[in-house]
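Below is one structure, written out as C-alpha cells; comments come after it.
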Amino acid sequence: MSGKKILMITGDFTEDYETMVPFQALQAVGHRVEAVCPDKKAGDTVATAIHDFEGDQTYTEKPGHRFALTADFDSVDPASYDALVIPGGRAPEYLRLNDRVLQMVRHFFDAEKPVAAICHGAQILAAAGVLKGRKCSAYPACQPEVELAGGHFAGLEVNEAVTDANLVTAPAWPAHPAWLAQFFRLLDR
C-alpha cells in the first residue's frame, strides 16, 4: 500500500475512538494524516468524548483525551489530499454549519476521492449535499438526516461497514475493523 495524504476534519467533542484509532491506524500503514479543525492551528487540541453502549436507550458520554491537531485549518487545500476521514461524536453537529468544511467535503466527492465517515459524521455529508442516491450508514439517530439528504440509510449492525463507490461508512467505533479494512481497499485503488 503506497502512502497517501489524508485529511481528517474534526472538532471539539469528537468521539475519541473514532478520531484516535483511524488517525493512528492510517499512519501505522504508511499514510500521512493531517487533522484539522476550524479556527484552530497545528498543535492546538480538541476535546474528545468517549461514547459507549451500555444498555441504555442511547450511548453514554464520558470525557476522553485531548487530541492534537497536525495542520492549520485555514491553510488546507483539499486538492492536495488523496482522501478524507470524518469522525463522529458531537463535533459534526456544529462542523456542518461551517461553509468551508462543506466545500472541502464536496471537493472529495466531485473528485471521486476516497471518503470515510463514521457515526455522526453523516451529518456533515448530509449538510454538504453529497448523499443523494448513495448508501450510507451512521449512528441510527442520523437516519432521518441521511434520508432527507436523498441517501439510502444502511441499517447495519454496530460492527459492520458499507462501501458505496468512493464512500465507506459505519454506525460507530465497534465497526473499526470493517470500516478501516474497506477504507484501506479504497486507498489502495
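Simple scheme: letters A, B, ... for chains in C-alpha cells order, numbers from 1 for residues in each chain, numbers from 1 for ligands in the order shown.
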
Residues of region 117-185 of chain A that have any atom at most 7 Å from an atom of region 74-93 of chain A: could you tabulate them with the shortest-distance atom pair and the distance in Å to one decimal, using only C-alpha atoms, ordered by chain and increasing number, as a tab-separated table?
```
residue	atom	partner	partner_atom	distance
A:Ala117	CA	A:Ile86	CA	4.6
A:Ile118	CA	A:Gly88	CA	5.5
A:Cys119	CA	A:Gly88	CA	4.8
A:His120	CA	A:Gly88	CA	4.4
A:Gly121	CA	A:Gly88	CA	4.5
A:Gln123	CA	A:Pro92	CA	6.1
A:Ile124	CA	A:Pro92	CA	5.8
```

Who sits within 9 Å of Thr48 (chain A), only C-alpha atoms, same chain under 6 positions skipped, as a JSON list (two decimals) with C-alpha atoms, in the first residue's frame:
```json
[["chain", "number", "residue", "atom", "x", "y", "z"],
["A", 11, "GLY", "CA", -13.56, 19.32, 16.26],
["A", 12, "ASP", "CA", -14.24, 19.61, 19.96],
["A", 13, "PHE", "CA", -16.08, 16.63, 21.41],
["A", 14, "THR", "CA", -15.28, 14.39, 18.51],
["A", 15, "GLU", "CA", -15.64, 10.74, 19.51],
["A", 16, "ASP", "CA", -12.32, 9.65, 20.99],
["A", 17, "TYR", "CA", -12.00, 6.20, 19.37],
["A", 19, "THR", "CA", -10.63, 10.04, 15.90],
["A", 62, "LYS", "CA", -17.54, 10.36, 29.18],
["A", 63, "PRO", "CA", -14.55, 12.71, 28.90],
["A", 64, "GLY", "CA", -11.87, 11.45, 26.53],
["A", 65, "HIS", "CA", -8.34, 12.53, 25.71],
["A", 66, "ARG", "CA", -7.06, 15.77, 24.20],
["A", 67, "PHE", "CA", -6.32, 15.21, 20.52],
["A", 89, "GLY", "CA", -19.17, 12.35, 18.04]]
```

Can you list every residue in chain A that DSSP puts in alpha helix (DSSP H), as a compact mmCIF listing (two decimals) with all heavy atoms, in the first residue's frame?
```txt
# COMPACT_ATOMS: atom_id res chain seq x y z
N ASP A 16 -13.72 9.99 20.75
CA ASP A 16 -12.32 9.65 20.99
C ASP A 16 -11.81 8.52 20.10
O ASP A 16 -10.84 8.68 19.37
CB ASP A 16 -12.15 9.28 22.47
CG ASP A 16 -10.70 9.16 22.89
OD1 ASP A 16 -10.09 8.12 22.62
OD2 ASP A 16 -10.19 10.11 23.51
N TYR A 17 -12.45 7.35 20.15
CA TYR A 17 -12.00 6.20 19.37
C TYR A 17 -12.11 6.48 17.87
O TYR A 17 -11.28 6.03 17.09
CB TYR A 17 -12.83 4.95 19.67
CG TYR A 17 -12.70 4.39 21.07
CD1 TYR A 17 -13.62 3.46 21.53
CD2 TYR A 17 -11.68 4.77 21.93
CE1 TYR A 17 -13.53 2.91 22.80
CE2 TYR A 17 -11.58 4.23 23.21
CZ TYR A 17 -12.51 3.31 23.63
OH TYR A 17 -12.41 2.77 24.88
N GLU A 18 -13.16 7.19 17.46
CA GLU A 18 -13.38 7.43 16.03
C GLU A 18 -12.40 8.44 15.46
O GLU A 18 -12.31 8.60 14.24
CB GLU A 18 -14.83 7.87 15.80
CG GLU A 18 -15.80 6.75 16.12
CD GLU A 18 -17.24 7.17 16.17
OE1 GLU A 18 -17.55 8.34 15.89
OE2 GLU A 18 -18.08 6.31 16.49
N THR A 19 -11.66 9.10 16.33
CA THR A 19 -10.63 10.04 15.90
C THR A 19 -9.25 9.39 16.06
O THR A 19 -8.48 9.31 15.11
CB THR A 19 -10.71 11.33 16.73
OG1 THR A 19 -12.03 11.86 16.61
CG2 THR A 19 -9.70 12.36 16.26
N MET A 20 -8.95 8.94 17.27
CA MET A 20 -7.63 8.39 17.58
C MET A 20 -7.31 7.13 16.79
O MET A 20 -6.21 7.00 16.24
CB MET A 20 -7.52 8.06 19.08
CG MET A 20 -7.74 9.22 20.00
SD MET A 20 -6.24 10.15 20.26
CE MET A 20 -6.74 11.20 21.61
N VAL A 21 -8.24 6.18 16.73
CA VAL A 21 -7.94 4.90 16.11
C VAL A 21 -7.65 5.04 14.61
O VAL A 21 -6.61 4.59 14.15
CB VAL A 21 -9.04 3.85 16.39
CG1 VAL A 21 -8.84 2.59 15.57
CG2 VAL A 21 -9.08 3.52 17.89
N PRO A 22 -8.52 5.69 13.82
CA PRO A 22 -8.17 5.81 12.40
C PRO A 22 -6.92 6.68 12.18
O PRO A 22 -6.11 6.37 11.30
CB PRO A 22 -9.40 6.42 11.74
CG PRO A 22 -10.24 6.93 12.83
CD PRO A 22 -9.86 6.19 14.08
N PHE A 23 -6.75 7.71 12.99
CA PHE A 23 -5.57 8.57 12.85
C PHE A 23 -4.30 7.74 12.99
O PHE A 23 -3.38 7.81 12.17
CB PHE A 23 -5.63 9.68 13.90
CG PHE A 23 -4.49 10.66 13.83
CD1 PHE A 23 -4.50 11.69 12.89
CD2 PHE A 23 -3.41 10.56 14.69
CE1 PHE A 23 -3.44 12.59 12.82
CE2 PHE A 23 -2.35 11.45 14.62
CZ PHE A 23 -2.37 12.47 13.68
N GLN A 24 -4.26 6.90 14.02
CA GLN A 24 -3.07 6.08 14.28
C GLN A 24 -2.96 4.90 13.31
O GLN A 24 -1.87 4.58 12.83
CB GLN A 24 -3.07 5.60 15.73
CG GLN A 24 -2.90 6.74 16.71
CD GLN A 24 -3.08 6.30 18.16
OE1 GLN A 24 -3.66 5.25 18.44
NE2 GLN A 24 -2.58 7.11 19.08
N ALA A 25 -4.08 4.26 13.01
CA ALA A 25 -4.05 3.08 12.13
C ALA A 25 -3.60 3.47 10.72
O ALA A 25 -2.81 2.74 10.09
CB ALA A 25 -5.43 2.42 12.08
N LEU A 26 -4.07 4.59 10.23
CA LEU A 26 -3.67 5.03 8.89
C LEU A 26 -2.18 5.35 8.84
O LEU A 26 -1.50 5.02 7.86
CB LEU A 26 -4.51 6.23 8.45
CG LEU A 26 -5.96 5.89 8.13
CD1 LEU A 26 -6.84 7.14 8.14
CD2 LEU A 26 -6.05 5.17 6.79
N GLN A 27 -1.67 5.97 9.90
CA GLN A 27 -0.23 6.24 9.96
C GLN A 27 0.58 4.95 10.07
O GLN A 27 1.65 4.84 9.48
CB GLN A 27 0.08 7.15 11.15
CG GLN A 27 -0.44 8.56 10.98
CD GLN A 27 -0.11 9.40 12.19
OE1 GLN A 27 0.98 9.94 12.28
NE2 GLN A 27 -1.05 9.48 13.12
N ALA A 28 0.06 3.99 10.80
CA ALA A 28 0.78 2.73 11.01
C ALA A 28 1.04 1.98 9.71
O ALA A 28 2.02 1.25 9.61
CB ALA A 28 0.00 1.84 11.98
N ALA A 91 -18.97 16.70 17.41
CA ALA A 91 -18.38 17.72 16.54
C ALA A 91 -19.13 17.91 15.22
O ALA A 91 -19.33 19.05 14.80
CB ALA A 91 -16.91 17.41 16.29
N PRO A 92 -19.57 16.84 14.55
CA PRO A 92 -20.25 17.06 13.27
C PRO A 92 -21.48 17.95 13.33
O PRO A 92 -21.80 18.63 12.36
CB PRO A 92 -20.61 15.64 12.82
CG PRO A 92 -19.54 14.79 13.42
CD PRO A 92 -19.31 15.41 14.78
N GLU A 93 -22.17 17.98 14.48
CA GLU A 93 -23.40 18.78 14.54
C GLU A 93 -23.11 20.27 14.37
O GLU A 93 -23.95 21.00 13.85
CB GLU A 93 -24.18 18.51 15.82
CG GLU A 93 -23.61 19.13 17.08
CD GLU A 93 -24.39 18.78 18.32
OE1 GLU A 93 -25.06 17.74 18.36
OE2 GLU A 93 -24.31 19.56 19.29
N TYR A 94 -21.92 20.74 14.76
CA TYR A 94 -21.61 22.15 14.52
C TYR A 94 -20.65 22.33 13.35
O TYR A 94 -20.68 23.36 12.69
CB TYR A 94 -21.09 22.85 15.79
CG TYR A 94 -19.73 22.41 16.26
CD1 TYR A 94 -18.57 22.98 15.75
CD2 TYR A 94 -19.59 21.42 17.22
CE1 TYR A 94 -17.32 22.57 16.18
CE2 TYR A 94 -18.35 21.01 17.66
CZ TYR A 94 -17.22 21.59 17.13
OH TYR A 94 -15.97 21.18 17.56
N LEU A 95 -19.82 21.35 13.06
CA LEU A 95 -18.93 21.46 11.90
C LEU A 95 -19.73 21.59 10.60
O LEU A 95 -19.30 22.25 9.66
CB LEU A 95 -17.99 20.26 11.81
CG LEU A 95 -16.90 20.17 12.88
CD1 LEU A 95 -16.15 18.85 12.75
CD2 LEU A 95 -15.96 21.35 12.81
N ASP A 99 -19.27 26.65 6.26
CA ASP A 99 -19.31 26.57 4.80
C ASP A 99 -18.03 26.01 4.21
O ASP A 99 -18.06 25.25 3.24
CB ASP A 99 -19.60 27.94 4.18
CG ASP A 99 -21.05 28.37 4.37
OD1 ASP A 99 -21.92 27.49 4.50
OD2 ASP A 99 -21.29 29.59 4.38
N ARG A 100 -16.89 26.35 4.79
CA ARG A 100 -15.62 25.85 4.24
C ARG A 100 -15.49 24.34 4.45
O ARG A 100 -14.98 23.63 3.58
CB ARG A 100 -14.43 26.58 4.88
CG ARG A 100 -13.12 26.19 4.24
CD ARG A 100 -12.17 27.35 4.06
NE ARG A 100 -11.03 26.92 3.27
CZ ARG A 100 -9.92 26.39 3.76
NH1 ARG A 100 -9.77 26.27 5.07
NH2 ARG A 100 -8.95 26.01 2.97
N VAL A 101 -15.95 23.84 5.58
CA VAL A 101 -15.95 22.39 5.80
C VAL A 101 -16.78 21.72 4.70
O VAL A 101 -16.35 20.74 4.09
CB VAL A 101 -16.50 22.03 7.20
CG1 VAL A 101 -16.81 20.53 7.31
CG2 VAL A 101 -15.52 22.45 8.29
N LEU A 102 -17.96 22.25 4.43
CA LEU A 102 -18.83 21.65 3.42
C LEU A 102 -18.22 21.73 2.03
O LEU A 102 -18.31 20.77 1.25
CB LEU A 102 -20.21 22.33 3.44
CG LEU A 102 -20.95 22.25 4.78
CD1 LEU A 102 -22.30 22.93 4.67
CD2 LEU A 102 -21.08 20.82 5.26
N GLN A 103 -17.54 22.83 1.72
CA GLN A 103 -16.85 22.95 0.43
C GLN A 103 -15.75 21.90 0.31
O GLN A 103 -15.57 21.30 -0.75
CB GLN A 103 -16.27 24.35 0.26
CG GLN A 103 -17.30 25.43 0.06
CD GLN A 103 -16.71 26.83 0.19
OE1 GLN A 103 -15.51 27.01 0.34
NE2 GLN A 103 -17.59 27.83 0.14
N MET A 104 -15.01 21.70 1.39
CA MET A 104 -13.94 20.69 1.38
C MET A 104 -14.53 19.31 1.11
O MET A 104 -14.00 18.55 0.29
CB MET A 104 -13.19 20.68 2.71
CG MET A 104 -12.30 21.86 2.94
SD MET A 104 -11.52 21.68 4.57
CE MET A 104 -10.77 23.28 4.74
N VAL A 105 -15.60 18.97 1.81
CA VAL A 105 -16.24 17.66 1.63
C VAL A 105 -16.70 17.50 0.18
O VAL A 105 -16.45 16.45 -0.44
CB VAL A 105 -17.41 17.49 2.62
CG1 VAL A 105 -18.23 16.25 2.29
CG2 VAL A 105 -16.89 17.43 4.05
N ARG A 106 -17.32 18.50 -0.37
CA ARG A 106 -17.79 18.43 -1.76
C ARG A 106 -16.63 18.19 -2.72
O ARG A 106 -16.78 17.45 -3.71
CB ARG A 106 -18.54 19.70 -2.14
CG ARG A 106 -19.89 19.80 -1.48
CD ARG A 106 -20.65 21.04 -1.97
NE ARG A 106 -21.69 21.35 -1.01
CZ ARG A 106 -21.72 22.43 -0.23
NH1 ARG A 106 -20.77 23.34 -0.31
NH2 ARG A 106 -22.71 22.60 0.62
N HIS A 107 -15.47 18.78 -2.44
CA HIS A 107 -14.31 18.57 -3.31
C HIS A 107 -14.00 17.08 -3.44
O HIS A 107 -13.75 16.57 -4.54
CB HIS A 107 -13.07 19.30 -2.79
CG HIS A 107 -11.81 18.77 -3.40
ND1 HIS A 107 -11.40 19.12 -4.67
CD2 HIS A 107 -10.92 17.84 -2.95
CE1 HIS A 107 -10.30 18.44 -4.96
NE2 HIS A 107 -9.99 17.67 -3.93
N PHE A 108 -13.97 16.35 -2.31
CA PHE A 108 -13.61 14.94 -2.33
C PHE A 108 -14.63 14.11 -3.13
O PHE A 108 -14.26 13.15 -3.80
CB PHE A 108 -13.44 14.40 -0.91
CG PHE A 108 -12.18 14.91 -0.26
CD1 PHE A 108 -12.19 16.07 0.49
CD2 PHE A 108 -10.99 14.24 -0.44
CE1 PHE A 108 -11.03 16.55 1.07
CE2 PHE A 108 -9.81 14.71 0.14
CZ PHE A 108 -9.83 15.88 0.88
N PHE A 109 -15.89 14.50 -3.07
CA PHE A 109 -16.90 13.78 -3.84
C PHE A 109 -16.84 14.16 -5.32
O PHE A 109 -16.93 13.29 -6.19
CB PHE A 109 -18.29 14.03 -3.25
CG PHE A 109 -18.54 13.19 -2.04
CD1 PHE A 109 -18.14 13.63 -0.79
CD2 PHE A 109 -19.12 11.94 -2.13
CE1 PHE A 109 -18.32 12.85 0.34
CE2 PHE A 109 -19.31 11.15 -1.02
CZ PHE A 109 -18.91 11.61 0.23
N ASP A 110 -16.66 15.44 -5.60
CA ASP A 110 -16.55 15.87 -7.01
C ASP A 110 -15.36 15.20 -7.69
O ASP A 110 -15.42 14.83 -8.86
CB ASP A 110 -16.42 17.39 -7.10
CG ASP A 110 -17.68 18.13 -6.69
OD1 ASP A 110 -18.76 17.48 -6.63
OD2 ASP A 110 -17.60 19.34 -6.42
N ALA A 122 -22.00 11.41 9.28
CA ALA A 122 -23.02 11.51 8.22
C ALA A 122 -23.75 12.85 8.26
O ALA A 122 -24.28 13.29 7.23
CB ALA A 122 -24.01 10.36 8.34
N GLN A 123 -23.78 13.50 9.41
CA GLN A 123 -24.43 14.82 9.48
C GLN A 123 -23.71 15.82 8.57
O GLN A 123 -24.36 16.66 7.95
CB GLN A 123 -24.43 15.34 10.92
CG GLN A 123 -25.31 14.55 11.85
CD GLN A 123 -25.25 15.07 13.27
OE1 GLN A 123 -24.16 15.27 13.83
NE2 GLN A 123 -26.41 15.25 13.87
N ILE A 124 -22.40 15.73 8.50
CA ILE A 124 -21.64 16.62 7.62
C ILE A 124 -21.90 16.26 6.16
O ILE A 124 -22.10 17.13 5.32
CB ILE A 124 -20.13 16.56 7.96
CG1 ILE A 124 -19.89 17.14 9.35
CG2 ILE A 124 -19.32 17.31 6.91
CD1 ILE A 124 -18.47 17.01 9.85
N LEU A 125 -21.93 14.96 5.85
CA LEU A 125 -22.21 14.53 4.48
C LEU A 125 -23.59 15.00 4.03
O LEU A 125 -23.75 15.48 2.90
CB LEU A 125 -22.12 13.01 4.37
CG LEU A 125 -20.79 12.36 4.75
CD1 LEU A 125 -20.90 10.84 4.67
CD2 LEU A 125 -19.66 12.88 3.88
N ALA A 126 -24.58 14.88 4.91
CA ALA A 126 -25.93 15.32 4.58
C ALA A 126 -25.96 16.82 4.31
O ALA A 126 -26.54 17.28 3.32
CB ALA A 126 -26.90 14.94 5.70
N ALA A 127 -25.33 17.58 5.18
CA ALA A 127 -25.32 19.05 5.03
C ALA A 127 -24.57 19.48 3.77
O ALA A 127 -24.90 20.49 3.16
CB ALA A 127 -24.70 19.70 6.26
N ALA A 128 -23.57 18.69 3.36
CA ALA A 128 -22.79 19.01 2.15
C ALA A 128 -23.55 18.64 0.88
O ALA A 128 -23.12 19.00 -0.22
CB ALA A 128 -21.44 18.30 2.18
N GLN A 143 -30.37 8.53 10.86
CA GLN A 143 -31.11 8.00 9.72
C GLN A 143 -32.00 9.06 9.06
O GLN A 143 -31.98 9.18 7.83
CB GLN A 143 -31.96 6.79 10.13
CG GLN A 143 -32.76 6.21 8.98
CD GLN A 143 -33.51 4.94 9.35
OE1 GLN A 143 -33.30 4.36 10.42
NE2 GLN A 143 -34.37 4.49 8.44
N PRO A 144 -32.76 9.85 9.82
CA PRO A 144 -33.60 10.87 9.15
C PRO A 144 -32.78 11.86 8.32
O PRO A 144 -33.20 12.25 7.23
CB PRO A 144 -34.31 11.57 10.31
CG PRO A 144 -34.32 10.57 11.43
CD PRO A 144 -33.02 9.82 11.27
N GLU A 145 -31.61 12.25 8.81
CA GLU A 145 -30.78 13.20 8.06
C GLU A 145 -30.26 12.59 6.77
O GLU A 145 -30.25 13.24 5.72
CB GLU A 145 -29.63 13.70 8.93
CG GLU A 145 -30.12 14.61 10.04
CD GLU A 145 -29.08 14.83 11.11
OE1 GLU A 145 -28.98 13.98 12.01
OE2 GLU A 145 -28.37 15.84 11.01
N VAL A 146 -29.83 11.33 6.84
CA VAL A 146 -29.35 10.65 5.64
C VAL A 146 -30.47 10.58 4.61
O VAL A 146 -30.28 10.90 3.43
CB VAL A 146 -28.82 9.23 5.98
CG1 VAL A 146 -28.57 8.41 4.71
CG2 VAL A 146 -27.55 9.33 6.82
N GLU A 147 -31.66 10.20 5.05
CA GLU A 147 -32.78 10.05 4.12
C GLU A 147 -33.28 11.39 3.60
O GLU A 147 -33.60 11.52 2.41
CB GLU A 147 -33.89 9.25 4.79
CG GLU A 147 -33.47 7.80 5.01
CD GLU A 147 -34.45 6.97 5.81
OE1 GLU A 147 -35.36 7.54 6.46
OE2 GLU A 147 -34.29 5.73 5.80
N LEU A 148 -33.33 12.42 4.45
CA LEU A 148 -33.74 13.74 3.98
C LEU A 148 -32.76 14.32 2.97
O LEU A 148 -33.14 15.13 2.11
CB LEU A 148 -33.91 14.70 5.17
CG LEU A 148 -35.15 14.45 6.03
CD1 LEU A 148 -35.07 15.24 7.33
CD2 LEU A 148 -36.41 14.80 5.25
N HIS A 176 -14.75 -0.44 13.57
CA HIS A 176 -13.42 -0.10 13.06
C HIS A 176 -12.77 -1.18 12.19
O HIS A 176 -12.23 -0.85 11.13
CB HIS A 176 -12.48 0.29 14.20
CG HIS A 176 -12.63 1.71 14.62
ND1 HIS A 176 -12.40 2.12 15.90
CD2 HIS A 176 -13.00 2.82 13.94
CE1 HIS A 176 -12.62 3.43 15.99
NE2 HIS A 176 -12.98 3.86 14.81
N PRO A 177 -12.76 -2.45 12.58
CA PRO A 177 -12.11 -3.44 11.71
C PRO A 177 -12.70 -3.46 10.30
O PRO A 177 -11.97 -3.44 9.31
CB PRO A 177 -12.31 -4.76 12.44
CG PRO A 177 -12.39 -4.36 13.89
CD PRO A 177 -13.16 -3.06 13.87
N ALA A 178 -14.01 -3.47 10.18
CA ALA A 178 -14.66 -3.50 8.86
C ALA A 178 -14.51 -2.16 8.14
O ALA A 178 -14.19 -2.12 6.94
CB ALA A 178 -16.14 -3.85 9.02
N TRP A 179 -14.74 -1.07 8.85
CA TRP A 179 -14.70 0.28 8.26
C TRP A 179 -13.30 0.59 7.74
O TRP A 179 -13.13 1.03 6.60
CB TRP A 179 -15.14 1.28 9.34
CG TRP A 179 -15.21 2.71 8.96
CD1 TRP A 179 -16.04 3.29 8.04
CD2 TRP A 179 -14.46 3.77 9.54
NE1 TRP A 179 -15.84 4.65 8.01
CE2 TRP A 179 -14.88 4.97 8.92
CE3 TRP A 179 -13.48 3.85 10.52
CZ2 TRP A 179 -14.35 6.22 9.26
CZ3 TRP A 179 -12.96 5.09 10.86
CH2 TRP A 179 -13.39 6.26 10.22
N LEU A 180 -12.29 0.36 8.56
CA LEU A 180 -10.92 0.65 8.14
C LEU A 180 -10.46 -0.30 7.03
O LEU A 180 -9.79 0.13 6.09
CB LEU A 180 -9.97 0.60 9.33
CG LEU A 180 -10.09 1.80 10.27
CD1 LEU A 180 -9.32 1.55 11.57
CD2 LEU A 180 -9.62 3.08 9.60
N ALA A 181 -10.83 -1.57 7.09
CA ALA A 181 -10.46 -2.51 6.03
C ALA A 181 -11.03 -2.05 4.69
O ALA A 181 -10.33 -2.08 3.66
CB ALA A 181 -10.93 -3.92 6.37
N GLN A 182 -12.28 -1.63 4.69
CA GLN A 182 -12.90 -1.15 3.44
C GLN A 182 -12.25 0.15 2.97
O GLN A 182 -12.04 0.35 1.77
CB GLN A 182 -14.41 -1.00 3.63
CG GLN A 182 -15.12 -2.33 3.78
CD GLN A 182 -16.61 -2.19 4.00
OE1 GLN A 182 -17.26 -1.35 3.39
NE2 GLN A 182 -17.16 -3.03 4.87
N PHE A 183 -11.90 1.02 3.90
CA PHE A 183 -11.25 2.28 3.53
C PHE A 183 -9.85 1.99 2.96
O PHE A 183 -9.44 2.59 1.96
CB PHE A 183 -11.17 3.23 4.73
CG PHE A 183 -10.72 4.62 4.41
CD1 PHE A 183 -11.27 5.34 3.36
CD2 PHE A 183 -9.76 5.23 5.19
CE1 PHE A 183 -10.85 6.64 3.08
CE2 PHE A 183 -9.34 6.53 4.93
CZ PHE A 183 -9.90 7.23 3.86
N PHE A 184 -9.13 1.05 3.57
CA PHE A 184 -7.81 0.67 3.05
C PHE A 184 -7.92 0.20 1.60
O PHE A 184 -7.07 0.52 0.76
CB PHE A 184 -7.16 -0.43 3.91
CG PHE A 184 -6.70 0.01 5.28
CD1 PHE A 184 -6.62 -0.91 6.31
CD2 PHE A 184 -6.33 1.32 5.54
CE1 PHE A 184 -6.20 -0.52 7.58
CE2 PHE A 184 -5.90 1.71 6.80
CZ PHE A 184 -5.83 0.79 7.81
N ARG A 185 -8.97 -0.57 1.31
CA ARG A 185 -9.15 -1.05 -0.07
C ARG A 185 -9.37 0.12 -1.02
O ARG A 185 -8.85 0.13 -2.14
CB ARG A 185 -10.30 -2.06 -0.15
CG ARG A 185 -9.92 -3.42 0.40
CD ARG A 185 -10.90 -4.51 0.02
NE ARG A 185 -12.17 -4.44 0.73
CZ ARG A 185 -12.39 -4.93 1.94
NH1 ARG A 185 -11.41 -5.50 2.61
NH2 ARG A 185 -13.59 -4.84 2.49
N LEU A 186 -10.14 1.11 -0.60
CA LEU A 186 -10.35 2.30 -1.45
C LEU A 186 -9.03 3.05 -1.66
O LEU A 186 -8.77 3.54 -2.77
CB LEU A 186 -11.38 3.25 -0.82
CG LEU A 186 -12.84 2.83 -0.82
CD1 LEU A 186 -13.68 3.90 -0.15
CD2 LEU A 186 -13.33 2.57 -2.24
N LEU A 187 -8.23 3.13 -0.62
CA LEU A 187 -6.96 3.85 -0.72
C LEU A 187 -5.97 3.13 -1.62
O LEU A 187 -5.09 3.75 -2.20
CB LEU A 187 -6.35 4.03 0.67
CG LEU A 187 -7.09 4.97 1.61
CD1 LEU A 187 -6.49 4.89 3.01
CD2 LEU A 187 -7.11 6.39 1.10
```

Check your understanding: Between CA of Asn166 (chain A) and CA of Gly150 (chain A), what is the distance, to one decimal in Å?
Key ->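 Atom-to-atom, CA of Asn166 (chain A) to CA of Gly150 (chain A), that is 16.9 Å.
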
Review point. Any idea what the distance is between CA of Val130 (chain A) and CA of Ala170 (chain A)?
Key: 16.3 Å

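The nearest approach to Lys4 (chain A) among the residues A:Ala141, A:Pro114, A:Ala47, A:His152, with only C-alpha atoms taken into account, belongs to A:Pro114.
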
Exercise for review: Find the residues near Lys135 (chain A): any atom within 7 Å, counting only C-alpha atoms, skip ones fewer than 4 places away on the same chain, and give them as an MDAnalysis selection string.
Suggested key: chainID A and resid 151:154 164

Point to revise | Selected residue of minimal separation from Ala172 (chain A) among A:Asn98, A:Ala111, A:His51, A:Asp56, counting only C-alpha atoms | key: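 Answer, going by the shortest atom-to-atom distance: A:His51.
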